[in-house]
file run_22.pdb (PDB, C-alpha atoms and all ligand atoms)
MODEL        1
ATOM      1  CA  MET K   7      95.106  83.092 114.387
ATOM      2  CA  GLU K   8      96.992  85.584 116.531
ATOM      3  CA  TYR K   9     100.734  86.219 116.524
ATOM      4  CA  ASN K  10     102.338  88.761 118.841
ATOM      5  CA  LYS K  11      98.925  90.440 119.355
ATOM      6  CA  THR K  12      98.299  90.688 115.561
ATOM      7  CA  LYS K  13      95.322  88.835 114.080
ATOM      8  CA  ILE K  14      96.312  87.017 110.856
ATOM      9  CA  SER K  15      93.573  85.705 108.561
ATOM     10  CA  ILE K  16      93.244  83.986 105.197
ATOM     11  CA  LEU K  17      90.281  85.053 103.053
ATOM     12  CA  LYS K  18      89.024  84.181  99.590
ATOM     13  CA  GLY K  19      87.767  87.219  97.715
ATOM     14  CA  ASP K  20      88.480  90.476  95.917
ATOM     15  CA  ILE K  21      91.068  92.646  97.681
ATOM     16  CA  THR K  22      89.446  95.837  96.304
ATOM     17  CA  GLU K  23      86.431  95.160  98.529
ATOM     18  CA  GLN K  24      88.356  94.848 101.789
ATOM     19  CA  LYS K  25      87.425  97.398 104.462
ATOM     20  CA  VAL K  26      90.872  97.714 106.027
ATOM     21  CA  ASP K  27      93.146 100.736 106.505
ATOM     22  CA  ALA K  28      95.339  99.704 103.555
ATOM     23  CA  ILE K  29      95.350  97.166 100.749
ATOM     24  CA  VAL K  30      98.575  96.164  99.025
ATOM     25  CA  ASN K  31      98.819  96.386  95.250
ATOM     26  CA  ALA K  32     100.913  93.911  93.227
ATOM     27  CA  ALA K  33     102.299  96.627  90.980
ATOM     28  CA  ASN K  34     105.125  96.888  88.451
ATOM     29  CA  ASN K  35     108.179  99.136  88.531
ATOM     30  CA  THR K  36     106.474 101.945  86.606
ATOM     31  CA  LEU K  37     103.492 102.147  88.997
ATOM     32  CA  LEU K  38     101.424 103.048  85.922
ATOM     33  CA  GLY K  39      98.914 100.210  86.275
ATOM     34  CA  GLY K  40      98.430  96.870  84.588
ATOM     35  CA  SER K  41      96.088  93.879  84.813
ATOM     36  CA  GLY K  42      95.323  91.551  87.753
ATOM     37  CA  VAL K  43      95.241  93.206  91.167
ATOM     38  CA  ASP K  44      96.876  96.348  89.711
ATOM     39  CA  GLY K  45      94.182  96.682  87.046
ATOM     40  CA  ALA K  46      91.347  96.096  89.520
ATOM     41  CA  ILE K  47      92.672  98.670  91.995
ATOM     42  CA  HIS K  48      93.183 101.388  89.402
ATOM     43  CA  LYS K  49      89.846 100.671  87.690
ATOM     44  CA  LYS K  50      87.796 100.777  90.904
ATOM     45  CA  GLY K  51      89.915 103.318  92.754
ATOM     46  CA  GLY K  52      89.866 105.911  90.013
ATOM     47  CA  ARG K  53      92.286 108.266  88.313
ATOM     48  CA  ILE K  54      93.590 109.904  91.484
ATOM     49  CA  ILE K  55      95.602 106.768  92.250
ATOM     50  CA  LEU K  56      97.359 106.941  88.866
ATOM     51  CA  GLU K  57      97.950 110.676  89.291
ATOM     52  CA  GLN K  58      99.665 110.086  92.632
ATOM     53  CA  CYS K  59     101.627 107.138  91.203
ATOM     54  CA  LYS K  60     102.898 109.338  88.359
ATOM     55  CA  LYS K  61     104.190 111.850  90.916
ATOM     56  CA  ILE K  62     105.995 109.053  92.791
ATOM     57  CA  GLY K  63     107.679 108.071  89.545
ATOM     58  CA  GLY K  64     108.130 104.342  89.983
ATOM     59  CA  CYS K  65     109.115 101.738  92.574
ATOM     60  CA  PRO K  66     112.110  99.346  92.584
ATOM     61  CA  THR K  67     111.321  95.635  92.988
ATOM     62  CA  GLY K  68     110.981  94.704  96.663
ATOM     63  CA  GLU K  69     110.211  98.255  97.776
ATOM     64  CA  ALA K  70     106.859  99.861  98.616
ATOM     65  CA  ARG K  71     105.174 103.222  98.005
ATOM     66  CA  ILE K  72     101.879 104.622  99.334
ATOM     67  CA  THR K  73      98.985 106.551  97.767
ATOM     68  CA  THR K  74      95.384 107.397  98.552
ATOM     69  CA  ALA K  75      92.757 104.747  97.859
ATOM     70  CA  GLY K  76      90.442 106.951  95.761
ATOM     71  CA  ASN K  77      86.970 105.356  95.547
ATOM     72  CA  LEU K  78      87.986 102.119  97.287
ATOM     73  CA  PRO K  79      86.632 101.313 100.802
ATOM     74  CA  CYS K  80      90.111 101.498 102.378
ATOM     75  CA  LYS K  81      92.217 104.540 103.272
ATOM     76  CA  TYR K  82      95.505 103.794 101.539
ATOM     77  CA  ILE K  83      97.006 101.694  98.751
ATOM     78  CA  ILE K  84     100.499 100.374  99.423
ATOM     79  CA  HIS K  85     102.049  99.617  96.038
ATOM     80  CA  THR K  86     104.800  97.031  96.065
ATOM     81  CA  VAL K  87     106.610  95.245  93.243
ATOM     82  CA  GLY K  88     107.331  91.536  93.503
ATOM     83  CA  PRO K  89     110.012  89.700  91.502
ATOM     84  CA  ILE K  90     109.353  88.214  88.080
ATOM     85  CA  TYR K  91     109.933  84.504  88.657
ATOM     86  CA  SER K  92     111.293  83.742  85.176
ATOM     87  CA  SER K  93     114.080  86.238  85.745
ATOM     88  CA  ASN K  94     115.764  83.278  87.464
ATOM     89  CA  ASN K  95     117.276  85.835  89.684
ATOM     90  CA  ASP K  96     118.847  84.221  92.718
ATOM     91  CA  ARG K  97     117.489  87.270  94.538
ATOM     92  CA  ASN K  98     113.844  86.327  93.828
ATOM     93  CA  GLU K  99     113.285  85.040  97.360
ATOM     94  CA  LYS K 100     114.880  88.080  98.992
ATOM     95  CA  LEU K 101     112.942  90.468  96.741
ATOM     96  CA  LEU K 102     109.629  88.757  97.510
ATOM     97  CA  TYR K 103     110.476  88.794 101.227
ATOM     98  CA  ASN K 104     111.305  92.502 100.990
ATOM     99  CA  ALA K 105     108.033  93.301  99.198
ATOM    100  CA  TYR K 106     106.038  91.992 102.182
ATOM    101  CA  TYR K 107     108.410  93.300 104.862
ATOM    102  CA  ASN K 108     108.726  96.803 103.347
ATOM    103  CA  SER K 109     104.946  97.042 102.830
ATOM    104  CA  LEU K 110     104.438  96.335 106.553
ATOM    105  CA  GLU K 111     107.170  98.803 107.530
ATOM    106  CA  LEU K 112     105.528 101.522 105.397
ATOM    107  CA  ALA K 113     102.145 100.683 106.926
ATOM    108  CA  VAL K 114     103.512 101.176 110.453
ATOM    109  CA  ASN K 115     105.031 104.515 109.428
ATOM    110  CA  TYR K 116     101.503 105.653 108.473
ATOM    111  CA  ASN K 117      99.987 104.269 111.689
ATOM    112  CA  ILE K 118      97.999 101.730 109.633
ATOM    113  CA  LYS K 119      96.363  99.140 111.906
ATOM    114  CA  SER K 120      94.814  96.756 109.349
ATOM    115  CA  ILE K 121      96.264  95.665 106.011
ATOM    116  CA  ALA K 122      95.311  93.206 103.256
ATOM    117  CA  PHE K 123      97.819  91.458 100.977
ATOM    118  CA  PRO K 124      97.203  89.688  97.664
ATOM    119  CA  ALA K 125      99.463  86.792  96.676
ATOM    120  CA  ILE K 126     102.188  89.029  95.257
ATOM    121  CA  SER K 127     104.034  87.771  92.140
ATOM    122  CA  THR K 128     101.906  84.594  91.821
ATOM    123  CA  GLY K 129      99.932  85.854  88.795
ATOM    124  CA  ALA K 130     101.506  87.544  85.781
ATOM    125  CA  TYR K 131     104.911  87.357  87.481
ATOM    126  CA  GLY K 132     104.692  83.576  87.532
ATOM    127  CA  TYR K 133     105.911  82.822  91.055
ATOM    128  CA  PRO K 134     104.689  79.301  91.994
ATOM    129  CA  VAL K 135     102.405  79.710  95.020
ATOM    130  CA  LYS K 136     103.997  76.803  96.937
ATOM    131  CA  GLU K 137     107.396  78.472  96.574
ATOM    132  CA  ALA K 138     106.029  81.921  97.380
ATOM    133  CA  ILE K 139     104.200  80.842 100.538
ATOM    134  CA  ILE K 140     107.410  79.764 102.312
ATOM    135  CA  ILE K 141     108.664  83.327 101.869
ATOM    136  CA  VAL K 142     105.454  85.177 102.740
ATOM    137  CA  PHE K 143     104.850  83.983 106.277
ATOM    138  CA  PRO K 144     108.461  84.177 107.488
ATOM    139  CA  ALA K 145     108.616  87.776 106.202
ATOM    140  CA  VAL K 146     105.421  88.645 108.088
ATOM    141  CA  ILE K 147     106.440  86.783 111.250
ATOM    142  CA  ASP K 148     109.905  88.370 111.206
ATOM    143  CA  PHE K 149     108.258  91.787 110.981
ATOM    144  CA  LEU K 150     105.795  91.018 113.779
ATOM    145  CA  ASP K 151     108.641  89.741 115.981
ATOM    146  CA  SER K 152     110.016  93.272 115.969
ATOM    147  CA  ASN K 153     106.797  95.266 115.631
ATOM    148  CA  GLY K 154     103.460  94.618 117.259
ATOM    149  CA  SER K 155     101.613  97.756 116.197
ATOM    150  CA  ILE K 156      99.463  96.256 113.429
ATOM    151  CA  ASP K 157      96.198  94.763 114.725
ATOM    152  CA  ASN K 158      95.067  92.822 111.662
ATOM    153  CA  ILE K 159      96.764  91.300 108.608
ATOM    154  CA  GLU K 160      94.617  89.667 105.925
ATOM    155  CA  PHE K 161      95.764  87.512 103.010
ATOM    156  CA  VAL K 162      93.061  87.848 100.346
ATOM    157  CA  LEU K 163      93.225  85.102  97.712
ATOM    158  CA  HIS K 164      91.345  85.273  94.467
ATOM    159  CA  ASN K 165      90.942  81.610  93.594
ATOM    160  CA  ASP K 166      90.394  78.272  95.319
ATOM    161  CA  GLU K 167      93.764  76.783  94.371
ATOM    162  CA  ILE K 168      95.774  79.576  95.974
ATOM    163  CA  PHE K 169      93.415  79.767  98.951
ATOM    164  CA  THR K 170      93.965  76.038  99.582
ATOM    165  CA  VAL K 171      97.755  76.380  99.473
ATOM    166  CA  TYR K 172      97.699  79.315 101.909
ATOM    167  CA  ASN K 173      95.227  77.599 104.211
ATOM    168  CA  GLU K 174      97.221  74.346 104.362
ATOM    169  CA  TYR K 175     100.475  76.192 105.072
ATOM    170  CA  PHE K 176      98.784  78.476 107.579
ATOM    171  CA  THR K 177      97.226  75.557 109.509
ATOM    172  CA  GLN K 178     100.386  73.438 109.457
ATOM    173  CA  ASN K 179     102.747  76.214 110.440
ATOM    174  CA  LEU K 180     100.992  79.129 112.086
ATOM    175  CA  GLY K 181      98.282  77.048 113.641
ATOM    176  CA  ILE K 182     100.882  75.744 116.105
ATOM    177  CA  LEU K 183     102.155  79.190 117.081
TER     178      LEU K 183
HETATM  179  N1  LIG K 201      91.884  90.437  94.595
HETATM  180  C1  LIG K 201      92.795  89.579  95.153
HETATM  181  N2  LIG K 201      93.705  88.903  94.433
HETATM  182  C2  LIG K 201      93.697  89.082  93.078
HETATM  183  C3  LIG K 201      92.778  89.959  92.427
HETATM  184  C4  LIG K 201      91.855  90.650  93.256
HETATM  185  N3  LIG K 201      90.954  91.507  92.724
HETATM  186  N4  LIG K 201      93.042  89.918  91.079
HETATM  187  C5  LIG K 201      94.046  89.043  90.908
HETATM  188  N5  LIG K 201      94.444  88.533  92.093
HETATM  189  C6  LIG K 201      95.493  87.550  92.385
HETATM  190  C7  LIG K 201      95.962  86.690  91.254
HETATM  191  O1  LIG K 201      95.107  85.565  91.113
HETATM  192  C8  LIG K 201      97.348  86.284  91.755
HETATM  193  O2  LIG K 201      97.230  85.188  92.645
HETATM  194  O3  LIG K 201      96.642  88.295  92.772
HETATM  195  C9  LIG K 201      97.815  87.499  92.561
HETATM  196  C10 LIG K 201      98.873  88.348  91.880
HETATM  197  O4  LIG K 201      98.599  88.376  90.491
HETATM  198  P1  LIG K 201      98.882  89.685  89.592
HETATM  199  O5  LIG K 201      97.845  90.692  89.877
HETATM  200  O6  LIG K 201      99.038  89.192  88.195
HETATM  201  O7  LIG K 201     100.265  90.276  90.137
HETATM  202  P2  LIG K 201     101.758  89.758  89.925
HETATM  203  O8  LIG K 201     101.826  88.297  89.673
HETATM  204  O9  LIG K 201     102.511  90.335  91.099
HETATM  205  O10 LIG K 201     102.204  90.492  88.582
HETATM  206  C11 LIG K 201     102.355  91.885  88.591
HETATM  207  O11 LIG K 201     100.915  92.177  86.695
HETATM  208  O12 LIG K 201      98.993  93.425  86.751
HETATM  209  C12 LIG K 201     100.314  93.443  86.397
HETATM  210  O13 LIG K 201     100.964  95.736  86.598
HETATM  211  C13 LIG K 201     101.099  94.449  87.181
HETATM  212  O14 LIG K 201     103.052  94.204  85.818
HETATM  213  C14 LIG K 201     102.489  93.878  87.071
HETATM  214  C15 LIG K 201     102.252  92.381  87.165
ENDMDL
END
call {"tool": "encode", "arguments": {"input": "run_22.pdb", "output": "structure tokens", "more": "lines below"}}
Ligand code: APR
result
Amino acid sequence: MEYNKTKISILKGDITEQKVDAIVNAANNTLLGGSGVDGAIHKKGGRIILEQCKKIGGCPTGEARITTAGNLPCKYIIHTVGPIYSSNNDRNEKLLYNAYYNSLELAVNYNIKSIAFPAISTGAYGYPVKEAIIIVFPAVIDFLDSNGSIDNIEFVLHNDEIFTVYNEYFTQNLGIL
């Protein structure tokens, strides 16, 4: 699917294997690693990622920071922090929106042309995928409405259930664009 000259695709797989300019990490505020996507990226990417994250010194929820990709087949890691769903924070939606939007903005600042996103906050942070999806695509479309410099955006899902939710939403909503 194309939107404003940007190719948008839904893939099932492991984000650490994506050969794009940047992959997005679902990090925490410390940027010191964790499990899930964060654990996989640090484990495969190597210590240099953690060393750069320590120098950055953390990332507020909804914001994004960038490091090298170490041993991974991409050039950059964009670390963003999604909201913790159980925080019942009425800002959850805005924070999740910002995590996607700010990651794209940072990518454009580094002249990144292809970027892969995991399903931020839908794992350890407990955000129900069907609630998250109605935030994800509007954030991406809003960004692309004002910025057409990214050629390729991938959503890389790690399991069938999440892939199905993304695919159904994508077909019903973006398929008509
Ligand atoms: N590739 C793509 N997607 C993945 C991968 C992978 N290798 N590993 C996990 N996922 C998926 C999960 O299935 C989930 O749908 O990424 C989504 C986000 O899950 P988490 O990685 O748990 O991230 P999140 O829910 O944002 O929680 C962040 O978890 O790992 C810690 O340090 C991290 O504290 C932070 C919290």
call {"tool": "residues_around", "arguments": {"input": "run_22.pdb", "residues": "Ala138 (chain K)", "least_positions_apart": "4", "cutoff": "8 Å", "atoms": "all atoms listed in the file", "output": "MDAnalysis selection string"}}
result
chainID K and resid 99 102 128 133:134 142
call {"tool": "closest_atom_pairs", "arguments": {"input": "run_22.pdb", "of": "chain K", "to": "ligand LIG 201 (chain K)", "cutoff": "6 Å", "atoms": "only C-alpha atoms and all ligand atoms", "output": "CSV"}}
result
residue,atom,partner,partner_atom,distance
K:Asp20,CA,K:LIG201,N1,3.7
K:Ile21,CA,K:LIG201,N1,3.9
K:Thr22,CA,K:LIG201,N3,5.8
K:Ala32,CA,K:LIG201,O9,4.5
K:Ala33,CA,K:LIG201,C13,4.5
K:Asn34,CA,K:LIG201,C14,4.2
K:Gly39,CA,K:LIG201,O13,4.9
K:Gly40,CA,K:LIG201,O13,3.4
K:Ser41,CA,K:LIG201,O12,3.5
K:Gly42,CA,K:LIG201,O5,3.4
K:Val43,CA,K:LIG201,O5,3.8
K:Asp44,CA,K:LIG201,O12,4.7
K:Gly45,CA,K:LIG201,O12,5.8
K:Ala46,CA,K:LIG201,N3,5.6
K:Gly88,CA,K:LIG201,O9,5.5
K:Pro124,CA,K:LIG201,N2,4.8
K:Ala125,CA,K:LIG201,C9,4.5
K:Ile126,CA,K:LIG201,O9,4.4
K:Ser127,CA,K:LIG201,O9,3.2
K:Thr128,CA,K:LIG201,O8,4.3
K:Gly129,CA,K:LIG201,O8,3.2
K:Ala130,CA,K:LIG201,O6,3.8
K:Tyr131,CA,K:LIG201,O8,3.9
K:Gly132,CA,K:LIG201,O8,5.9
K:Val162,CA,K:LIG201,C1,5.5
K:Leu163,CA,K:LIG201,N2,5.0
K:His164,CA,K:LIG201,N2,4.3
call {"tool": "resolve_selection", "arguments": {"input": "run_22.pdb", "expression": "the PyMOL selection byres (((chain K and resi 16) around 10) and not hetatm)", "output": "MDAnalysis selection string"}}
result
chainID K and resid 7 14:15 17:19 122:123 159:163 169:170 172:173 176
call {"tool": "atom_distance", "arguments": {"input": "run_22.pdb", "atom1": "CA of Thr74 (chain K)", "atom2": "CA of Val87 (chain K)"}}
result
17.4 Å
call {"tool": "closest_residue", "arguments": {"input": "run_22.pdb", "among": "K:Ile156, K:Ile83, K:Ile140, K:Leu38", "to": "Lys61 (chain K)", "atoms": "only C-alpha atoms"}}
result
K:Leu38
call {"tool": "atom_distance", "arguments": {"input": "run_22.pdb", "atom1": "CA of Ile72 (chain K)", "atom2": "CA of Leu150 (chain K)"}}
result
20.2 Å
call {"tool": "atom_distance", "arguments": {"input": "run_22.pdb", "atom1": "CA of Asn31 (chain K)", "atom2": "CA of His85 (chain K)"}}
result
4.6 Å
call {"tool": "residues_near_point", "arguments": {"input": "run_22.pdb", "point": "(89.6, 96.8, 102.1)", "cutoff": "8 Å", "atoms": "only C-alpha atoms", "output": "ChimeraX atom specification"}}
result
/K:21-29,78-80,121-122
call {"tool": "closest_residue", "arguments": {"input": "run_22.pdb", "among": "K:Lys11, K:Lys119, K:Lys136, K:His48", "to": "Asn77 (chain K)", "atoms": "all atoms listed in the file"}}
result
K:His48
call {"tool": "closest_residue", "arguments": {"input": "run_22.pdb", "among": "K:Tyr116, K:Glu137, K:Tyr91, K:Val146", "to": "Asn104 (chain K)", "atoms": "only C-alpha atoms"}}
result
K:Val146
call {"tool": "axis_aligned_box", "arguments": {"input": "run_22.pdb", "around": "region 133-143 of chain K", "padding_each_side": "3 Å", "output": "AutoDock Vina command-line options"}}
result
--center_x 105.5 --center_y 81.0 --center_z 98.7 --size_x 12.3 --size_y 14.4 --size_z 21.2
call {"tool": "closest_residue", "arguments": {"input": "run_22.pdb", "among": "K:Ala145, K:Gly64, K:Cys59, K:Thr12", "to": "Leu101 (chain K)", "atoms": "all atoms listed in the file"}}
result
K:Ala145
call {"tool": "closest_residue", "arguments": {"input": "run_22.pdb", "among": "K:Ile55, K:Ile47, K:Ile90, K:Leu180", "to": "Phe143 (chain K)", "atoms": "all atoms listed in the file"}}
result
K:Leu180
call {"tool": "residues_around", "arguments": {"input": "run_22.pdb", "residues": "Glu111 (chain K)", "least_positions_apart": "4", "cutoff": "8 Å", "atoms": "only C-alpha atoms", "output": "number ranges by chain"}}
result
K: 107, 115, 149
call {"tool": "closest_residue", "arguments": {"input": "run_22.pdb", "among": "K:Leu37, K:Ile54, K:Ile168, K:Ala70", "to": "Leu110 (chain K)", "atoms": "all atoms listed in the file"}}
result
K:Ala70
call {"tool": "decode", "arguments": {"input": "run_22.pdb", "residues": "region 74-95 of chain K", "atoms": "C-alpha atoms", "output": "PDB file, in the first residue's frame"}}
result
ATOM      1  CA  THR K  74      23.961   2.970  16.082  1.00  0.00           C
ATOM      2  CA  ALA K  75      22.685  -0.507  15.256  1.00  0.00           C
ATOM      3  CA  GLY K  76      25.873  -2.391  16.211  1.00  0.00           C
ATOM      4  CA  ASN K  77      25.832  -5.887  14.657  1.00  0.00           C
ATOM      5  CA  LEU K  78      22.269  -5.618  13.329  1.00  0.00           C
ATOM      6  CA  PRO K  79      21.634  -5.421   9.535  1.00  0.00           C
ATOM      7  CA  CYS K  80      20.219  -1.876   9.776  1.00  0.00           C
ATOM      8  CA  LYS K  81      22.033   1.441  10.215  1.00  0.00           C
ATOM      9  CA  TYR K  82      20.264   2.948  13.209  1.00  0.00           C
ATOM     10  CA  ILE K  83      18.107   2.009  16.193  1.00  0.00           C
ATOM     11  CA  ILE K  84      15.432   4.537  17.114  1.00  0.00           C
ATOM     12  CA  HIS K  85      14.551   3.915  20.757  1.00  0.00           C
ATOM     13  CA  THR K  86      11.103   5.044  21.800  1.00  0.00           C
ATOM     14  CA  VAL K  87       9.113   4.462  24.982  1.00  0.00           C
ATOM     15  CA  GLY K  88       5.423   3.632  24.784  1.00  0.00           C
ATOM     16  CA  PRO K  89       2.938   4.092  27.644  1.00  0.00           C
ATOM     17  CA  ILE K  90       2.279   1.406  30.234  1.00  0.00           C
ATOM     18  CA  TYR K  91      -1.395   0.608  29.691  1.00  0.00           C
ATOM     19  CA  SER K  92      -2.192  -0.210  33.329  1.00  0.00           C
ATOM     20  CA  SER K  93      -1.106   3.275  34.326  1.00  0.00           C
ATOM     21  CA  ASN K  94      -4.682   4.177  33.350  1.00  0.00           C
ATOM     22  CA  ASN K  95      -3.238   7.429  32.305  1.00  0.00           C
TER      23      ASN K  95
END
